[in-house]
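Asker: Below is the file input00.txt, with compact mmCIF, N, CA and C atoms.
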# COMPACT_ATOMS: atom_id res chain seq x y z
N MET P 15 0.84 -1.17 0.00
CA MET P 15 0.00 0.00 0.00
C MET P 15 0.88 1.23 0.00
N THR P 16 0.61 2.19 -0.87
CA THR P 16 1.40 3.41 -0.94
C THR P 16 0.62 4.54 -0.29
N THR P 17 1.37 5.42 0.28
CA THR P 17 0.74 6.59 0.89
C THR P 17 1.18 7.83 0.14
N ALA P 18 0.25 8.71 -0.08
CA ALA P 18 0.56 9.96 -0.78
C ALA P 18 1.27 10.90 0.17
N LYS P 19 2.26 11.63 -0.36
CA LYS P 19 2.96 12.61 0.45
C LYS P 19 2.04 13.79 0.72
N SER P 20 2.06 14.24 1.92
CA SER P 20 1.26 15.40 2.28
C SER P 20 2.12 16.66 2.13
N HIS P 21 1.57 17.67 1.49
CA HIS P 21 2.26 18.94 1.33
C HIS P 21 1.65 19.91 2.32
N SER P 22 2.28 20.00 3.45
CA SER P 22 1.76 20.84 4.52
C SER P 22 1.93 22.31 4.19
N THR P 23 0.93 23.09 4.55
CA THR P 23 1.02 24.54 4.39
C THR P 23 1.12 25.21 5.75
N ASP P 24 1.62 24.45 6.73
CA ASP P 24 1.78 25.02 8.07
C ASP P 24 2.93 26.00 8.14
N ASN P 25 3.91 25.84 7.28
CA ASN P 25 5.09 26.69 7.28
C ASN P 25 4.76 28.01 6.58
N PRO P 26 4.75 29.15 7.30
CA PRO P 26 4.40 30.44 6.69
C PRO P 26 5.32 30.82 5.54
N ALA P 27 6.59 30.44 5.61
CA ALA P 27 7.52 30.76 4.53
C ALA P 27 7.12 30.03 3.25
N ARG P 28 6.71 28.80 3.39
CA ARG P 28 6.30 28.01 2.23
C ARG P 28 5.02 28.60 1.62
N VAL P 29 4.09 29.02 2.45
CA VAL P 29 2.85 29.63 1.97
C VAL P 29 3.17 30.91 1.19
N GLU P 30 4.06 31.73 1.73
CA GLU P 30 4.43 32.97 1.04
C GLU P 30 5.16 32.68 -0.27
N PHE P 31 5.96 31.62 -0.29
CA PHE P 31 6.64 31.25 -1.52
C PHE P 31 5.62 30.91 -2.61
N TRP P 32 4.63 30.08 -2.29
CA TRP P 32 3.63 29.70 -3.28
C TRP P 32 2.79 30.89 -3.70
N LYS P 33 2.48 31.77 -2.76
CA LYS P 33 1.73 32.98 -3.11
C LYS P 33 2.55 33.87 -4.04
N SER P 34 3.85 33.93 -3.82
CA SER P 34 4.70 34.76 -4.67
C SER P 34 4.73 34.23 -6.10
N LEU P 35 4.65 32.92 -6.28
CA LEU P 35 4.62 32.34 -7.62
C LEU P 35 3.37 32.79 -8.37
N LEU P 36 2.27 32.95 -7.66
CA LEU P 36 1.02 33.36 -8.30
C LEU P 36 1.04 34.82 -8.74
N ARG P 37 2.01 35.60 -8.26
CA ARG P 37 2.12 37.01 -8.64
C ARG P 37 3.04 37.23 -9.85
N ILE P 38 3.64 36.16 -10.35
CA ILE P 38 4.51 36.29 -11.52
C ILE P 38 3.66 36.65 -12.74
N GLU P 39 4.12 37.61 -13.51
CA GLU P 39 3.39 38.02 -14.70
C GLU P 39 4.01 37.38 -15.93
N ALA P 40 3.15 37.06 -16.89
CA ALA P 40 3.60 36.47 -18.15
C ALA P 40 2.88 37.17 -19.30
N ASP P 41 3.54 37.28 -20.44
CA ASP P 41 2.93 37.89 -21.62
C ASP P 41 1.89 36.94 -22.20
N VAL P 42 0.67 37.46 -22.39
CA VAL P 42 -0.41 36.70 -23.01
C VAL P 42 -0.73 37.37 -24.33
N ALA P 43 -0.71 36.60 -25.41
CA ALA P 43 -0.98 37.15 -26.74
C ALA P 43 -2.03 36.29 -27.44
N VAL P 44 -2.83 36.92 -28.26
CA VAL P 44 -3.80 36.22 -29.09
C VAL P 44 -3.32 36.35 -30.52
N THR P 45 -3.11 35.23 -31.17
CA THR P 45 -2.57 35.23 -32.52
C THR P 45 -3.68 34.97 -33.52
N LEU P 46 -3.83 35.89 -34.46
CA LEU P 46 -4.83 35.76 -35.52
C LEU P 46 -4.36 34.74 -36.56
N ALA P 47 -3.16 34.93 -37.09
CA ALA P 47 -2.63 34.04 -38.11
C ALA P 47 -1.13 34.30 -38.27
N HIS P 48 -0.46 33.36 -38.88
CA HIS P 48 0.97 33.49 -39.19
C HIS P 48 1.14 33.37 -40.70
N GLN P 49 2.14 34.04 -41.21
CA GLN P 49 2.45 33.91 -42.62
C GLN P 49 3.90 34.35 -42.85
N GLN P 50 4.60 33.63 -43.70
CA GLN P 50 5.94 34.03 -44.07
C GLN P 50 5.86 34.81 -45.37
N LEU P 51 6.52 35.95 -45.38
CA LEU P 51 6.55 36.80 -46.57
C LEU P 51 7.99 37.14 -46.91
N PRO P 52 8.28 37.34 -48.18
CA PRO P 52 9.63 37.78 -48.55
C PRO P 52 9.89 39.19 -48.02
N VAL P 53 11.11 39.46 -47.63
CA VAL P 53 11.48 40.77 -47.12
C VAL P 53 11.13 41.85 -48.14
N GLU P 54 11.28 41.54 -49.41
CA GLU P 54 10.95 42.51 -50.47
C GLU P 54 9.50 42.99 -50.34
N ARG P 55 8.59 42.07 -50.06
CA ARG P 55 7.17 42.45 -49.91
C ARG P 55 6.95 43.24 -48.62
N ILE P 56 7.61 42.84 -47.55
CA ILE P 56 7.47 43.53 -46.26
C ILE P 56 7.93 44.97 -46.39
N LEU P 57 9.00 45.19 -47.13
CA LEU P 57 9.51 46.55 -47.31
C LEU P 57 8.55 47.44 -48.12
N GLN P 58 7.59 46.83 -48.78
CA GLN P 58 6.60 47.59 -49.55
C GLN P 58 5.36 47.94 -48.73
N PHE P 59 5.34 47.55 -47.44
CA PHE P 59 4.19 47.87 -46.59
C PHE P 59 4.04 49.37 -46.44
N VAL P 60 2.82 49.83 -46.61
CA VAL P 60 2.45 51.23 -46.36
C VAL P 60 1.05 51.19 -45.75
N PRO P 61 0.62 52.26 -45.07
CA PRO P 61 -0.74 52.26 -44.54
C PRO P 61 -1.76 51.96 -45.65
N GLY P 62 -2.67 51.06 -45.37
CA GLY P 62 -3.70 50.69 -46.34
C GLY P 62 -3.44 49.39 -47.07
N VAL P 63 -2.21 48.86 -46.99
CA VAL P 63 -1.89 47.59 -47.66
C VAL P 63 -2.67 46.47 -46.96
N MET P 64 -3.23 45.58 -47.76
CA MET P 64 -3.97 44.44 -47.23
C MET P 64 -3.09 43.19 -47.29
N ILE P 65 -3.08 42.43 -46.22
CA ILE P 65 -2.37 41.16 -46.18
C ILE P 65 -3.42 40.08 -46.01
N GLN P 66 -3.49 39.17 -46.94
CA GLN P 66 -4.49 38.11 -46.88
C GLN P 66 -3.88 36.87 -46.26
N PHE P 67 -4.62 36.25 -45.34
CA PHE P 67 -4.17 35.02 -44.69
C PHE P 67 -5.02 33.86 -45.17
N GLU P 68 -4.47 32.67 -45.10
CA GLU P 68 -5.20 31.46 -45.50
C GLU P 68 -6.21 31.02 -44.43
N LYS P 69 -6.11 31.56 -43.24
CA LYS P 69 -6.95 31.16 -42.13
C LYS P 69 -8.36 31.72 -42.30
N SER P 70 -9.36 30.89 -42.08
CA SER P 70 -10.76 31.30 -42.19
C SER P 70 -11.15 32.20 -41.01
N CYS P 71 -12.13 33.05 -41.22
CA CYS P 71 -12.63 33.93 -40.15
C CYS P 71 -13.24 33.13 -39.00
N GLU P 72 -13.72 31.93 -39.28
CA GLU P 72 -14.37 31.10 -38.25
C GLU P 72 -13.37 30.25 -37.47
N THR P 73 -12.13 30.19 -37.92
CA THR P 73 -11.12 29.38 -37.24
C THR P 73 -10.77 30.00 -35.90
N PRO P 74 -10.67 29.19 -34.84
CA PRO P 74 -10.32 29.75 -33.52
C PRO P 74 -8.97 30.45 -33.53
N LEU P 75 -8.83 31.45 -32.66
CA LEU P 75 -7.57 32.15 -32.49
C LEU P 75 -6.73 31.41 -31.46
N THR P 76 -5.42 31.55 -31.55
CA THR P 76 -4.51 30.87 -30.63
C THR P 76 -4.12 31.79 -29.49
N ILE P 77 -4.18 31.28 -28.28
CA ILE P 77 -3.76 32.03 -27.10
C ILE P 77 -2.36 31.53 -26.73
N GLU P 78 -1.42 32.47 -26.68
CA GLU P 78 -0.04 32.12 -26.36
C GLU P 78 0.38 32.80 -25.07
N ILE P 79 1.11 32.06 -24.25
CA ILE P 79 1.69 32.63 -23.04
C ILE P 79 3.19 32.50 -23.18
N ASP P 80 3.86 33.64 -23.14
CA ASP P 80 5.31 33.69 -23.36
C ASP P 80 5.72 32.93 -24.61
N GLY P 81 4.93 33.07 -25.68
CA GLY P 81 5.26 32.47 -26.97
C GLY P 81 4.87 31.01 -27.13
N ASN P 82 4.21 30.43 -26.14
CA ASN P 82 3.82 29.02 -26.21
C ASN P 82 2.30 28.91 -26.30
N ALA P 83 1.80 28.23 -27.33
CA ALA P 83 0.36 28.05 -27.50
C ALA P 83 -0.19 27.21 -26.36
N VAL P 84 -1.21 27.73 -25.67
CA VAL P 84 -1.79 27.00 -24.55
C VAL P 84 -3.29 26.80 -24.68
N ALA P 85 -3.94 27.54 -25.58
CA ALA P 85 -5.39 27.42 -25.70
C ALA P 85 -5.85 28.01 -27.02
N GLU P 86 -7.14 27.82 -27.31
CA GLU P 86 -7.78 28.43 -28.47
C GLU P 86 -9.06 29.09 -28.00
N GLY P 87 -9.51 30.08 -28.77
CA GLY P 87 -10.73 30.76 -28.39
C GLY P 87 -11.35 31.49 -29.55
N GLU P 88 -12.53 32.07 -29.27
CA GLU P 88 -13.26 32.82 -30.28
C GLU P 88 -13.42 34.26 -29.83
N VAL P 89 -13.42 35.16 -30.80
CA VAL P 89 -13.55 36.58 -30.51
C VAL P 89 -14.97 36.88 -30.05
N VAL P 90 -15.08 37.71 -29.02
CA VAL P 90 -16.38 38.17 -28.55
C VAL P 90 -16.31 39.68 -28.36
N LYS P 91 -17.45 40.33 -28.51
CA LYS P 91 -17.52 41.78 -28.30
C LYS P 91 -17.93 42.03 -26.85
N VAL P 92 -17.17 42.89 -26.18
CA VAL P 92 -17.44 43.25 -24.79
C VAL P 92 -17.58 44.77 -24.76
N GLY P 93 -18.80 45.26 -24.85
CA GLY P 93 -19.02 46.71 -24.95
C GLY P 93 -18.43 47.22 -26.24
N ASP P 94 -17.54 48.22 -26.15
CA ASP P 94 -16.90 48.74 -27.36
C ASP P 94 -15.50 48.14 -27.55
N LYS P 95 -15.20 47.09 -26.82
CA LYS P 95 -13.90 46.43 -26.94
C LYS P 95 -14.12 44.99 -27.36
N PHE P 96 -13.04 44.28 -27.59
CA PHE P 96 -13.19 42.87 -27.90
C PHE P 96 -12.50 42.03 -26.85
N GLY P 97 -12.93 40.79 -26.75
CA GLY P 97 -12.35 39.85 -25.81
C GLY P 97 -12.21 38.51 -26.50
N LEU P 98 -11.84 37.52 -25.74
CA LEU P 98 -11.67 36.18 -26.29
C LEU P 98 -12.28 35.18 -25.33
N ARG P 99 -13.19 34.38 -25.83
CA ARG P 99 -13.79 33.30 -25.04
C ARG P 99 -12.99 32.05 -25.30
N ILE P 100 -12.39 31.47 -24.25
CA ILE P 100 -11.57 30.27 -24.40
C ILE P 100 -12.49 29.09 -24.68
N THR P 101 -12.19 28.38 -25.76
CA THR P 101 -13.00 27.23 -26.16
C THR P 101 -12.29 25.91 -25.95
N GLU P 102 -10.95 25.95 -25.89
CA GLU P 102 -10.19 24.71 -25.73
C GLU P 102 -8.85 25.00 -25.08
N ILE P 103 -8.47 24.17 -24.12
CA ILE P 103 -7.17 24.27 -23.46
C ILE P 103 -6.31 23.13 -23.97
N SER P 104 -5.06 23.42 -24.29
CA SER P 104 -4.13 22.38 -24.75
C SER P 104 -3.89 21.38 -23.63
N SER P 105 -3.58 20.15 -23.99
CA SER P 105 -3.27 19.14 -22.98
C SER P 105 -1.96 19.52 -22.30
N CYS P 106 -1.73 18.97 -21.13
CA CYS P 106 -0.49 19.26 -20.38
C CYS P 106 0.74 18.93 -21.20
N GLU P 107 0.69 17.82 -21.96
CA GLU P 107 1.85 17.42 -22.76
C GLU P 107 2.15 18.46 -23.83
N GLU P 108 1.11 19.08 -24.41
CA GLU P 108 1.32 20.07 -25.45
C GLU P 108 1.82 21.38 -24.87
N ARG P 109 1.46 21.68 -23.61
CA ARG P 109 1.86 22.93 -22.99
C ARG P 109 3.20 22.84 -22.29
N TRP P 110 3.65 21.64 -21.93
CA TRP P 110 4.86 21.48 -21.15
C TRP P 110 6.08 21.72 -22.01
N ILE P 111 6.96 22.55 -21.52
CA ILE P 111 8.20 22.84 -22.23
C ILE P 111 9.35 22.63 -21.26
N PRO P 112 10.28 21.75 -21.59
CA PRO P 112 11.38 21.49 -20.66
C PRO P 112 12.27 22.72 -20.50
N LEU P 113 12.68 22.97 -19.27
CA LEU P 113 13.58 24.08 -19.00
C LEU P 113 15.01 23.72 -19.35
N VAL P 114 15.34 22.44 -19.24
CA VAL P 114 16.67 21.95 -19.55
C VAL P 114 16.53 20.78 -20.52
N LYS P 115 17.25 20.82 -21.61
CA LYS P 115 17.20 19.71 -22.56
C LYS P 115 17.89 18.51 -21.95
N SER P 116 17.22 17.36 -22.01
CA SER P 116 17.82 16.15 -21.47
C SER P 116 18.83 15.60 -22.46
N LYS P 117 19.83 14.91 -21.95
CA LYS P 117 20.84 14.31 -22.80
C LYS P 117 20.30 13.04 -23.40
N VAL P 118 20.50 12.87 -24.67
CA VAL P 118 20.04 11.66 -25.35
C VAL P 118 21.17 10.66 -25.30
N GLU P 119 20.86 9.47 -24.76
CA GLU P 119 21.87 8.44 -24.66
C GLU P 119 22.04 7.76 -26.00
N THR P 120 23.29 7.48 -26.35
CA THR P 120 23.56 6.81 -27.64
C THR P 120 23.96 5.37 -27.45
Let's see the structure in the file written out as structure tokens.
Answerer:
Amino acid sequence: MTTAKSHSTDNPARVEFWKSLLRIEADVAVTLAHQQLPVERILQFVPGVMIQFEKSCETPLTIEIDGNAVAEGEVVKVGDKFGLRITEISSCEERWIPLVKSKVET
């Protein structure tokens, strides 16, 4: 029979440590679409130029945290601003990014 380890929160220092982790800020971005363009075309950008993407208007937008896709959502209107309703969260395996690359044994 195995027993689960208990993570006690009796230690005030440990509680403050975990609370401090929740105060860390991360960049959250909503990505409409990606496209690679030749530098020659990019240098021709001027106000009014239209860039067409292959992505449909109905396709969900990607939510990225610090450059990593973590969810998808749909645009919603909130008063005179817009927001994003999250429709799907990526699985833990898709969101997990190793901090240190492991050595591959040969």
Asker: Between atom N of P:Thr45 and atom CA of P:Thr76, what is the spacing in Å?
Answerer: 4.6 Å
Asker: Pick from P:Val44, P:Leu57, P:Ala27, P:Met64: nearest to P:Leu98, with only C-alpha atoms counted?
Answerer: P:Val44
Asker: Could you check how far atom C of P:Thr101 sits from atom N of P:Lys33, in Å to one decimal?
Answerer: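 Interatomic distance here is 28.1 Å.
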Asker: Find the distance between atom C of P:His48 and atom CA of P:Gly62 and write it in Å to one decimal.
Answerer: 18.8 Å
Asker: I'd like the neighbourhood of P:Glu102 as a ChimeraX atom specification, where a residue qualifies if any of its atoms comes within 8 Å (using all atoms listed in the file), though same-chain residues fewer than 4 positions away should be ignored.
Answerer: /P:84-88
Asker: Identify which of the residues P:Ile77, P:Asp94, P:Ser105, P:Phe31 lies closest to P:Ala47, counting only C-alpha atoms when measuring atom-to-atom distances.
Answerer: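 Counting only C-alpha atoms, the residue closest to P:Ala47 is P:Ile77.
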